[in-house]
$ cat upload-v5.cif   # mmCIF, C-alpha atoms
data_target
loop_
_atom_site.label_atom_id
_atom_site.label_comp_id
_atom_site.auth_asym_id
_atom_site.auth_seq_id
_atom_site.Cartn_x
_atom_site.Cartn_y
_atom_site.Cartn_z
CA MET A 1 63.36 84.96 155.41
CA LYS A 2 63.92 81.39 156.49
CA ALA A 3 66.25 79.50 154.18
CA LEU A 4 64.51 77.28 151.67
CA ILE A 5 66.40 74.03 151.16
CA ILE A 6 66.15 72.86 147.60
CA PRO A 7 66.89 69.16 147.01
CA ASP A 8 70.01 68.51 144.98
CA HIS A 9 68.10 66.77 142.22
CA ASP A 10 65.99 69.89 141.58
CA ILE A 11 68.99 72.07 140.80
CA HIS A 12 70.23 71.78 137.27
CA PRO A 13 73.14 69.32 136.94
CA THR A 14 75.22 71.64 134.79
CA TYR A 15 75.49 73.96 137.79
CA PHE A 16 77.23 71.32 139.88
CA SER A 17 79.46 70.24 137.02
CA ALA A 18 80.60 73.84 136.79
CA ARG A 19 81.16 73.96 140.53
CA SER A 20 83.21 70.78 140.51
CA ALA A 21 85.46 72.15 137.83
CA ALA A 22 88.32 74.39 138.82
CA PRO A 23 86.65 77.81 138.84
CA SER A 24 88.42 80.91 137.68
CA SER A 25 89.31 83.52 140.27
CA ALA A 26 86.72 85.84 138.75
CA TRP A 27 83.88 83.37 139.32
CA ARG A 28 82.21 84.36 142.59
CA PRO A 29 78.55 83.32 142.61
CA LEU A 30 76.27 85.22 144.98
CA ASP A 31 74.47 83.59 147.92
CA LEU A 32 71.60 82.80 145.60
CA VAL A 33 73.59 80.29 143.62
CA SER A 34 74.38 77.62 146.16
CA ARG A 35 73.16 74.32 147.47
CA THR A 36 71.08 76.25 149.99
CA ILE A 37 68.99 78.85 148.15
CA PRO A 38 67.90 81.31 150.89
CA HIS A 39 66.45 83.86 148.47
CA TYR A 40 64.32 81.69 146.19
CA LEU A 41 61.38 84.10 146.47
CA GLY A 42 63.74 87.04 146.09
CA LEU A 43 65.02 85.63 142.80
CA ALA A 44 61.45 85.21 141.59
CA VAL A 45 60.61 88.81 142.51
CA LEU A 46 63.71 90.16 140.76
CA LEU A 47 63.15 88.12 137.59
CA ALA A 48 59.48 89.11 137.60
CA GLY A 49 60.48 92.77 137.94
CA LEU A 50 62.78 92.46 134.95
CA SER A 51 59.99 90.82 132.98
CA MET A 52 57.65 93.68 133.95
CA VAL A 53 59.73 96.18 131.97
CA SER A 54 58.13 95.16 128.68
CA PRO A 55 54.44 95.22 129.70
CA PHE A 56 55.04 98.51 131.50
CA SER A 57 56.58 99.91 128.31
CA ILE A 58 53.55 98.80 126.28
CA ASP A 59 50.63 99.40 128.65
CA THR A 60 51.54 102.41 130.79
CA PHE A 61 50.97 105.05 128.13
CA PHE A 62 47.77 103.55 126.64
CA PRO A 63 45.60 106.10 128.53
CA SER A 64 47.65 108.90 126.91
CA PHE A 65 47.01 107.79 123.31
CA ARG A 66 44.28 110.31 122.47
CA ALA A 67 46.12 113.24 124.11
CA MET A 68 49.36 112.30 122.34
CA GLU A 69 47.58 112.16 118.99
CA VAL A 70 46.42 115.76 119.50
CA ASP A 71 49.70 117.02 120.97
CA LEU A 72 51.88 115.44 118.28
CA GLY A 73 49.43 115.99 115.42
CA VAL A 74 49.19 112.37 114.28
CA SER A 75 46.40 109.99 113.29
CA ARG A 76 45.22 106.97 115.26
CA TRP A 77 46.97 104.62 112.84
CA GLN A 78 50.23 106.56 113.28
CA MET A 79 49.85 106.47 117.05
CA GLN A 80 49.43 102.70 116.90
CA GLN A 81 52.90 102.55 115.34
CA THR A 82 54.46 103.61 118.66
CA LEU A 83 53.78 99.99 119.60
CA THR A 84 55.27 98.65 116.37
CA ALA A 85 58.36 100.88 116.75
CA TYR A 86 58.87 99.31 120.17
CA MET A 87 58.06 95.70 119.37
CA LEU A 88 60.02 95.18 116.15
CA PRO A 89 63.39 96.14 117.70
CA TYR A 90 62.35 94.12 120.74
CA ALA A 91 61.90 91.07 118.52
CA VAL A 92 65.15 91.55 116.57
CA THR A 93 67.38 92.22 119.59
CA ALA A 94 65.87 89.23 121.37
CA LEU A 95 68.10 87.25 119.00
CA PHE A 96 71.18 88.82 120.61
CA HIS A 97 70.38 88.92 124.33
CA GLY A 98 70.60 85.16 124.85
CA PRO A 99 73.78 84.50 122.84
CA LEU A 100 75.44 87.53 124.45
CA SER A 101 74.61 86.10 127.88
CA ASP A 102 76.04 82.73 126.79
CA ALA A 103 79.31 84.50 125.91
CA LEU A 104 79.58 87.27 128.54
CA GLY A 105 77.51 85.97 131.43
CA ARG A 106 73.94 86.69 132.49
CA ARG A 107 74.54 89.71 134.78
CA PRO A 108 76.33 92.12 132.42
CA VAL A 109 73.78 91.67 129.63
CA ILE A 110 70.87 92.43 131.96
CA ILE A 111 72.56 95.36 133.72
CA TRP A 112 73.71 97.05 130.50
CA GLY A 113 70.37 96.38 128.84
CA MET A 114 68.41 97.97 131.68
CA GLY A 115 70.81 100.92 131.75
CA LEU A 116 70.25 101.68 128.05
CA TYR A 117 66.51 101.17 128.50
CA THR A 118 66.52 103.83 131.22
CA LEU A 119 68.28 106.29 128.90
CA GLY A 120 65.80 105.55 126.10
CA SER A 121 62.85 106.14 128.42
CA LEU A 122 64.33 109.43 129.60
CA ALA A 123 64.82 110.51 125.97
CA CYS A 124 61.09 109.87 125.31
CA VAL A 125 60.28 112.44 128.00
CA PHE A 126 61.98 115.17 125.97
CA ALA A 127 61.09 113.96 122.45
CA PRO A 128 60.44 117.15 120.40
CA ASN A 129 58.31 115.46 117.71
CA PHE A 130 56.68 112.21 116.67
CA ALA A 131 59.63 110.98 114.59
CA SER A 132 62.05 111.32 117.50
CA LEU A 133 59.55 109.64 119.82
CA LEU A 134 59.46 106.64 117.47
CA ALA A 135 63.27 106.52 117.49
CA PHE A 136 63.46 106.57 121.28
CA ARG A 137 60.69 103.98 121.50
CA ALA A 138 62.86 101.80 119.25
CA LEU A 139 65.73 102.18 121.75
CA GLN A 140 63.38 101.14 124.54
CA GLY A 141 62.34 98.09 122.57
CA ALA A 142 65.88 97.14 121.64
CA THR A 143 66.91 96.91 125.32
CA ALA A 144 63.77 96.08 127.30
CA GLY A 145 63.89 92.36 126.52
CA ALA A 146 67.27 91.69 128.10
CA GLY A 147 65.78 90.94 131.50
CA MET A 148 63.00 88.69 130.25
CA VAL A 149 65.06 86.66 127.76
CA VAL A 150 68.12 86.17 129.97
CA GLY A 151 65.92 85.64 133.03
CA ARG A 152 64.46 82.51 131.44
CA ALA A 153 67.96 81.17 130.90
CA ILE A 154 68.78 81.89 134.57
CA VAL A 155 65.80 79.80 135.69
CA ARG A 156 66.96 76.90 133.55
CA ASP A 157 70.60 77.33 134.67
CA LEU A 158 69.55 76.65 138.24
CA TYR A 159 66.65 74.20 138.08
CA GLU A 160 65.15 71.40 136.07
CA GLY A 161 61.90 69.44 135.96
CA PRO A 162 59.03 70.42 138.27
CA GLN A 163 61.18 72.89 140.23
CA ALA A 164 61.92 74.88 137.05
CA GLN A 165 58.21 74.90 136.17
CA ARG A 166 57.33 76.09 139.69
CA LEU A 167 59.82 78.94 139.58
CA MET A 168 58.73 79.93 136.06
CA SER A 169 55.11 79.91 137.25
CA LEU A 170 56.01 81.93 140.37
CA VAL A 171 57.79 84.52 138.21
CA THR A 172 54.70 84.66 136.00
CA LEU A 173 52.45 84.99 139.06
CA ILE A 174 54.37 87.99 140.44
CA PHE A 175 54.87 89.47 136.99
CA GLY A 176 51.13 89.23 136.39
CA VAL A 177 50.38 92.42 138.29
CA ALA A 178 52.34 94.53 135.77
CA PRO A 179 49.84 94.74 132.90
CA ALA A 180 47.04 95.46 135.39
CA LEU A 181 48.97 98.12 137.28
CA ALA A 182 50.66 99.77 134.31
CA PRO A 183 47.63 101.43 132.64
CA VAL A 184 46.18 102.40 136.02
CA ILE A 185 49.42 104.09 137.06
CA GLY A 186 49.78 105.58 133.59
CA GLY A 187 46.22 106.90 133.62
CA TRP A 188 46.61 108.73 136.92
CA ILE A 189 50.04 110.09 135.99
CA HIS A 190 48.64 111.30 132.67
CA VAL A 191 45.65 113.02 134.29
CA ALA A 192 47.85 114.68 136.93
CA LEU A 193 51.04 115.54 134.99
CA GLY A 194 50.59 114.78 131.28
CA TRP A 195 51.88 112.10 128.94
CA ARG A 196 55.58 113.01 129.20
CA ALA A 197 55.50 112.23 132.91
CA VAL A 198 54.43 108.67 132.03
CA PHE A 199 57.76 108.13 130.27
CA ALA A 200 59.56 109.68 133.25
CA PHE A 201 57.94 106.95 135.37
CA LEU A 202 59.31 104.31 132.96
CA ALA A 203 62.80 105.83 133.28
CA LEU A 204 62.53 105.63 137.07
CA PHE A 205 61.38 102.01 136.88
CA GLY A 206 64.34 101.18 134.65
CA LEU A 207 66.72 102.81 137.13
CA VAL A 208 65.25 100.69 139.95
CA MET A 209 65.82 97.53 137.88
CA VAL A 210 69.43 98.50 137.11
CA THR A 211 70.14 99.07 140.80
CA ALA A 212 68.39 95.90 141.99
CA SER A 213 70.14 93.78 139.35
CA HIS A 214 73.54 95.18 140.26
CA ILE A 215 72.97 94.39 143.95
CA ARG A 216 71.04 91.11 143.93
CA LEU A 217 71.20 89.36 140.54
CA PRO A 218 73.33 86.18 140.62
CA GLU A 219 75.71 85.13 137.88
CA THR A 220 74.55 81.62 136.98
CA HIS A 221 76.67 81.05 133.86
CA PRO A 222 80.31 80.52 134.93
CA PRO A 223 83.26 81.35 132.66
CA GLU A 224 84.04 77.66 132.06
CA GLN A 225 80.72 77.24 130.25
CA ARG A 226 80.82 80.42 128.16
CA VAL A 227 81.30 80.43 124.41
CA PRO A 228 82.84 83.20 122.29
CA PHE A 229 80.36 85.59 120.74
CA SER A 230 80.45 86.33 117.04
CA LEU A 231 77.86 87.24 114.46
CA GLN A 232 78.73 84.08 112.56
CA SER A 233 78.21 81.88 115.61
CA LEU A 234 74.98 83.76 116.36
CA ALA A 235 73.72 83.16 112.85
CA VAL A 236 74.68 79.49 113.00
CA ALA A 237 73.04 79.01 116.41
CA ALA A 238 69.90 80.90 115.39
CA PHE A 239 69.67 78.94 112.15
CA ARG A 240 70.13 75.64 113.98
CA VAL A 241 67.41 76.49 116.49
CA ILE A 242 64.86 77.92 114.05
CA CYS A 243 65.37 75.03 111.62
CA ASP A 244 64.49 72.53 114.32
CA ARG A 245 60.98 71.54 113.29
CA GLN A 246 59.86 70.70 116.81
CA PHE A 247 61.12 74.01 118.21
CA LEU A 248 59.49 76.06 115.46
CA LEU A 249 56.13 74.35 115.87
CA LEU A 250 56.21 74.86 119.65
CA ALA A 251 57.25 78.51 119.24
CA LEU A 252 54.41 79.19 116.80
CA ALA A 253 51.92 77.33 118.99
CA ALA A 254 52.87 79.41 122.04
CA SER A 255 52.89 82.66 120.04
CA PHE A 256 49.45 82.27 118.47
CA ASN A 257 48.01 80.99 121.73
CA PHE A 258 49.20 84.17 123.46
CA LEU A 259 47.95 86.33 120.58
CA GLY A 260 44.40 85.31 121.44
CA VAL A 261 44.72 87.61 124.46
CA PHE A 262 47.36 90.05 123.23
CA CYS A 263 45.31 91.34 120.29
CA TYR A 264 42.91 92.78 122.91
CA VAL A 265 45.84 94.36 124.74
CA GLY A 266 47.02 95.96 121.48
CA ALA A 267 43.52 97.31 120.88
CA ALA A 268 43.15 98.60 124.46
CA PRO A 269 42.74 102.34 123.64
CA ALA A 270 40.01 101.62 121.08
CA LEU A 271 38.34 99.04 123.31
CA ILE A 272 38.27 101.16 126.48
CA LEU A 273 37.77 104.66 125.08
CA ASP A 274 35.66 103.94 121.98
CA HIS A 275 33.73 100.67 122.48
CA TRP A 276 33.29 100.57 126.25
CA LYS A 277 33.07 104.39 126.59
CA LEU A 278 35.28 104.50 129.69
CA SER A 279 37.84 107.13 130.75
CA GLU A 280 41.65 107.30 130.80
CA THR A 281 41.73 106.13 134.43
CA GLN A 282 39.54 103.06 133.84
CA PHE A 283 41.83 100.81 131.79
CA ILE A 284 41.84 98.45 134.77
CA TRP A 285 38.45 97.14 133.57
CA LEU A 286 40.27 95.52 130.65
CA PHE A 287 43.51 94.52 132.31
CA LEU A 288 42.20 93.28 135.66
CA PRO A 289 40.32 90.25 134.24
CA VAL A 290 43.27 89.41 131.96
CA ILE A 291 45.77 89.53 134.80
CA ALA A 292 43.46 87.72 137.20
CA GLY A 293 43.31 84.94 134.62
CA PHE A 294 47.11 85.00 134.21
CA THR A 295 47.52 84.80 137.98
CA LEU A 296 45.14 81.89 138.46
CA GLY A 297 46.61 80.06 135.47
CA ALA A 298 50.17 80.52 136.75
CA THR A 299 49.12 79.31 140.21
CA LEU A 300 47.48 76.21 138.75
CA SER A 301 50.53 75.56 136.57
CA GLY A 302 52.79 75.66 139.62
CA ARG A 303 50.55 73.31 141.59
CA LEU A 304 50.16 70.87 138.70
CA ALA A 305 53.93 70.68 138.15
CA GLY A 306 55.05 67.10 138.77
CA ARG A 307 51.48 65.86 139.24
CA ILE A 308 50.33 65.52 135.65
CA PRO A 309 52.36 65.28 132.42
CA PRO A 310 53.26 68.80 131.25
CA MET A 311 51.84 68.32 127.76
CA ARG A 312 48.53 67.13 129.20
CA GLN A 313 48.39 70.41 131.13
CA ALA A 314 49.07 72.29 127.89
CA GLY A 315 46.24 70.35 126.25
CA TYR A 316 43.83 71.51 128.95
CA GLY A 317 44.95 75.08 128.36
CA PHE A 318 44.46 74.87 124.61
CA ALA A 319 41.01 73.34 125.03
CA LEU A 320 39.93 76.15 127.38
CA ILE A 321 41.18 79.05 125.26
CA VAL A 322 39.86 77.66 121.96
CA THR A 323 36.43 77.07 123.51
CA THR A 324 36.34 80.51 125.12
CA CYS A 325 37.40 82.46 122.02
CA THR A 326 35.06 80.50 119.76
CA LEU A 327 32.07 81.10 122.07
CA ARG A 328 32.88 84.82 122.26
CA LEU A 329 32.95 85.01 118.46
CA LEU A 330 29.58 83.24 118.25
CA LEU A 331 28.07 85.67 120.79
CA HIS A 332 29.26 88.66 118.79
CA GLY A 333 27.74 87.08 115.70
CA LEU A 334 24.37 86.40 117.36
CA PHE A 335 23.92 89.66 119.26
CA ALA A 336 24.49 93.24 118.18
CA GLU A 337 25.94 94.02 121.60
CA ILE A 338 27.07 91.80 124.47
CA PRO A 339 27.57 93.06 128.03
CA ILE A 340 31.02 94.21 129.08
CA TYR A 341 31.10 91.70 131.93
CA VAL A 342 30.68 88.83 129.45
CA GLN A 343 33.66 90.12 127.48
CA GLN A 344 35.61 90.39 130.74
CA ILE A 345 34.81 86.77 131.65
CA ALA A 346 36.11 85.68 128.25
CA LEU A 347 39.32 87.66 128.81
CA PHE A 348 39.73 86.10 132.27
CA LEU A 349 39.34 82.53 130.95
CA SER A 350 41.67 83.24 128.03
CA GLY A 351 44.34 84.61 130.37
CA MET A 352 44.09 81.56 132.62
CA ALA A 353 44.35 79.17 129.68
CA THR A 354 47.39 81.01 128.29
CA GLN A 355 49.32 80.47 131.52
CA LEU A 356 48.52 76.76 131.54
CA VAL A 357 50.19 76.52 128.13
CA PHE A 358 53.03 79.04 128.04
CA PRO A 359 55.34 77.85 130.89
CA VAL A 360 55.15 74.26 129.66
CA LEU A 361 55.99 75.08 126.06
CA THR A 362 58.72 77.53 127.10
CA LEU A 363 60.56 74.94 129.20
CA ARG A 364 60.12 72.32 126.48
CA MET A 365 61.73 74.61 123.91
CA LEU A 366 64.66 75.37 126.22
CA ASP A 367 65.17 71.66 126.90
CA LEU A 368 65.59 71.00 123.19
CA PHE A 369 68.93 72.89 123.32
CA PRO A 370 70.50 72.28 126.77
CA GLN A 371 73.90 73.65 125.70
CA ALA A 372 72.48 76.79 124.09
CA ARG A 373 69.54 77.85 126.21
CA GLY A 374 70.32 81.51 125.69
CA SER A 375 70.01 81.10 121.94
CA ALA A 376 66.83 79.06 122.32
CA ALA A 377 65.28 81.67 124.64
CA SER A 378 66.20 84.39 122.15
CA MET A 379 64.68 82.58 119.20
CA GLN A 380 61.51 81.83 121.12
CA SER A 381 61.16 85.50 122.02
CA PHE A 382 61.90 86.52 118.42
CA VAL A 383 59.16 84.30 117.00
CA SER A 384 56.64 85.39 119.64
CA LEU A 385 57.40 89.08 119.24
CA ALA A 386 57.46 88.94 115.46
CA VAL A 387 53.96 87.45 115.49
CA ALA A 388 52.77 90.03 118.06
CA SER A 389 54.37 92.94 116.14
CA LEU A 390 52.66 91.93 112.91
CA ALA A 391 49.33 91.65 114.71
CA VAL A 392 49.56 94.95 116.62
CA GLY A 393 51.07 96.97 113.80
CA VAL A 394 49.00 95.66 110.89
CA LEU A 395 46.06 93.45 111.86
CA VAL A 396 44.75 95.10 115.03
CA PRO A 397 44.44 98.59 113.43
CA LEU A 398 42.39 96.97 110.64
CA VAL A 399 39.92 95.21 112.96
CA GLN A 400 39.75 97.26 116.17
CA ALA A 401 36.83 99.38 114.95
CA SER A 402 34.61 96.26 115.24
CA LEU A 403 34.38 93.99 118.29
CA MET A 404 33.17 91.20 116.00
CA HIS A 405 36.29 91.46 113.84
CA LEU A 406 38.53 91.65 116.91
CA ALA A 407 36.94 88.47 118.28
CA LEU A 408 37.47 86.82 114.90
CA LEU A 409 41.18 87.67 114.96
CA SER A 410 41.46 86.25 118.49
CA ALA A 411 39.63 83.02 117.60
CA LEU A 412 41.65 82.44 114.43
CA SER A 413 44.87 82.96 116.39
CA VAL A 414 44.15 80.35 119.05
CA TRP A 415 42.86 77.83 116.52
CA LEU A 416 46.08 78.28 114.55
CA GLY A 417 48.08 77.80 117.76
CA LEU A 418 46.20 74.57 118.45
CA VAL A 419 46.94 73.29 114.93
CA PHE A 420 50.67 73.94 115.33
CA TRP A 421 50.69 72.22 118.72
CA ARG A 422 48.81 69.14 117.48
CA ILE A 423 51.19 68.81 114.51
CA GLU A 424 54.17 68.95 116.89
CA ARG A 425 52.60 66.32 119.13
CA ARG A 426 51.99 64.01 116.19
CA LEU A 427 55.46 64.45 114.73
CA SER A 428 57.17 63.94 118.07
CA GLY A 429 55.27 60.68 118.58
CA ARG A 430 53.99 61.60 122.06
CA ALA A 431 50.39 61.69 123.10
CA ALA A 432 49.02 65.03 124.33
#

$ encode --input "upload-v5.cif" --output "structure tokens"
Amino acid sequence: MKALIIPDHDIHPTYFSARSAAPSSAWRPLDLVSRTIPHYLGLAVLLAGLSMVSPFSIDTFFPSFRAMEVDLGVSRWQMQQTLTAYMLPYAVTALFHGPLSDALGRRPVIIWGMGLYTLGSLACVFAPNFASLLAFRALQGATAGAGMVVGRAIVRDLYEGPQAQRLMSLVTLIFGVAPALAPVIGGWIHVALGWRAVFAFLALFGLVMVTASHIRLPETHPPEQRVPFSLQSLAVAAFRVICDRQFLLLALAASFNFLGVFCYVGAAPALILDHWKLSETQFIWLFLPVIAGFTLGATLSGRLAGRIPPMRQAGYGFALIVTTCTLRLLLHGLFAEIPIYVQQIALFLSGMATQLVFPVLTLRMLDLFPQARGSAASMQSFVSLAVASLAVGVLVPLVQASLMHLALLSALSVWLGLVFWRIERRLSGRAA
């Protein structure tokens, strides 16, 4: 691949300040971390792969839900808790991944996290009962977020301004294939080999990520910039971040905006198998429009970077998703049944709008704490995942029997996200 020359002003200044300092003998950045970045696309692919671990862990075994209920002798509500058992530890440990990477470096946190995730996935293959499956799912959740959380800090270690937004959007663009591929792969594996083989696939994917990270992942946080890790410092940093009114409003705005789409992902088995009457190998009919929307939105976000103010772009995204979800709710209220393709169009537009909003708000939250981006990334993930866990574990099981109620949950979520965002804009004194 021909070397891509990145202008000096696009690479984050803290990187060069670290380089100008007397580096320790242990600090040996890879090729990727240099004034000439020959593997810019390679970095995006690797970070996207690490981010794919979570959607693969959530979506791949959706087609196996009904078979697992029978095999393990559990109800549909109990089966839904395999998502909660994954997402709650995911949310809690997201608080630790960033601060650990601030103290130990980015590479070791990701490599160890992916290694433990692989072991947890392998344990799910041999789970003898439902209780042990929940425990191993918790181990998956506790480690799967290392790549995503620390990956965001890596982007911000290297770049700033439009270049950071472009790389974040490129990561999102590549990552976007995961939720579409995961249930398709999972469906065919389930039909051919059974549900345990689906978790064997996740273990193999984790092993690939461990190997790729060990070989190609750069260390972007030099020893001179690291801070000692302690539970007290973690608590202080987390408290400082979460008590920042602007950060909390942005985190809630991003979380509820994303929930407008994610509540449909959490209800995927009921939506595909019960409402749409499709088979275990046809989950792509739900995930393809969502991911197509994510992909287009991420592409637009990358192209708009540096051309329009970021918060204006976020405003366009909020307007689109609020309009789409409100219209879908009205259609469900007016008609007893609306065509599947209309629901798919709404999912496509919602996915596109989400990706116009999310990269902008993510970078803004990280910029609020330039000396503690790991902690900020962790707290953002914690807020987002806590909201998603509550929705998937409690709210979605209550509403998924009715498409009207599911649309109502989606619409309320995005309206709430818009309210939080508008309050933040007003308090910060900047026009949208």

$ atom_distance --input "upload-v5.cif" --atom1 "CA of Leu259 (chain A)" --atom2 "CA of Ala388 (chain A)"
6.6 Å

$ closest_atom_pairs --input "upload-v5.cif" --of "region 203-309 of chain A" --to "region 327-348 of chain A" --cutoff "6 Å" --atoms "all atoms listed in the file" --output "JSON lines"
{"residue": "A:Pro289", "atom": "CA", "partner": "A:Phe348", "partner_atom": "CA", "distance": 4.6}
{"residue": "A:Val290", "atom": "CA", "partner": "A:Phe348", "partner_atom": "CA", "distance": 4.9}
{"residue": "A:Gly293", "atom": "CA", "partner": "A:Phe348", "partner_atom": "CA", "distance": 4.4}

$ residues_around --input "upload-v5.cif" --residues "Asp59 (chain A)" --least-positions-apart "3" --cutoff "9 Å" --atoms "only C-alpha atoms" --output "VMD selection string"
chain A and resid 54 to 56 62 to 63 178 to 183 186 265 to 266 268

$ resolve_selection --input "upload-v5.cif" --expression "the PyMOL selection byres ((chain A and resi 238-245) around 8)" --output "MDAnalysis selection string"
chainID A and resid 95 234:237 246:249 369 375:376 379

$ atom_distance --input "upload-v5.cif" --atom1 "CA of Ile321 (chain A)" --atom2 "CA of Leu356 (chain A)"
9.9 Å

$ closest_residue --input "upload-v5.cif" --among "A:Gly417, A:Leu395, A:Arg107, A:Leu122" --to "Thr84 (chain A)" --atoms "only C-alpha atoms"
A:Leu395

$ closest_residue --input "upload-v5.cif" --among "A:Leu204, A:Leu288, A:Ala131, A:Ile58" --to "Tyr86 (chain A)" --atoms "only C-alpha atoms"
A:Ile58

$ closest_residue --input "upload-v5.cif" --among "A:Ser121, A:Thr354, A:Thr211, A:Ser301" --to "Asn257 (chain A)" --atoms "only C-alpha atoms"
A:Thr354

$ atom_distance --input "upload-v5.cif" --atom1 "CA of Met114 (chain A)" --atom2 "CA of Glu224 (chain A)"
25.6 Å

$ residues_around --input "upload-v5.cif" --residues "Cys124 (chain A)" --least-positions-apart "3" --cutoff "6 Å" --atoms "only C-alpha atoms" --output "PyMOL selection string"
chain A and resi 121+127+133+136

$ residues_near_point --input "upload-v5.cif" --point "(73.7, 93.1, 137.6)" --cutoff "7 Å" --atoms "all atoms listed in the file" --output "ChimeraX atom specification"
/A:107-108,110-111,210,213-215,217

$ resolve_selection --input "upload-v5.cif" --expression "the PyMOL selection byres ((chain A and resi 394) around 12)" --output "count of residues only"
24

$ resolve_selection --input "upload-v5.cif" --expression "the PyMOL selection byres ((chain A and resi 280) around 6)" --output "PyMOL selection string"
chain A and resi 63+187+279+281-282

$ closest_atom_pairs --input "upload-v5.cif" --of "region 55-116 of chain A" --to "region 144-147 of chain A" --cutoff "9 Å" --atoms "all atoms listed in the file" --output "CSV"
residue,atom,partner,partner_atom,distance
A:Ser57,CA,A:Ala144,CA,8.2
A:Tyr90,CA,A:Gly145,CA,6.2
A:Ala91,CA,A:Gly145,CA,8.3
A:Thr93,CA,A:Gly145,CA,7.8
A:Ala94,CA,A:Gly145,CA,6.3
A:Phe96,CA,A:Ala146,CA,8.9
A:His97,CA,A:Ala146,CA,5.6
A:Gly98,CA,A:Ala146,CA,8.0
A:Val109,CA,A:Ala146,CA,6.7
A:Ile110,CA,A:Gly147,CA,5.3
A:Ile111,CA,A:Gly147,CA,8.4
A:Trp112,CA,A:Ala146,CA,8.7
A:Gly113,CA,A:Ala146,CA,5.7
A:Met114,CA,A:Ala144,CA,6.7
A:Leu116,CA,A:Ala144,CA,8.6

$ closest_residue --input "upload-v5.cif" --among "A:Ala203, A:Gly351, A:Leu300, A:Phe258" --to "Leu286 (chain A)" --atoms "only C-alpha atoms"
A:Gly351
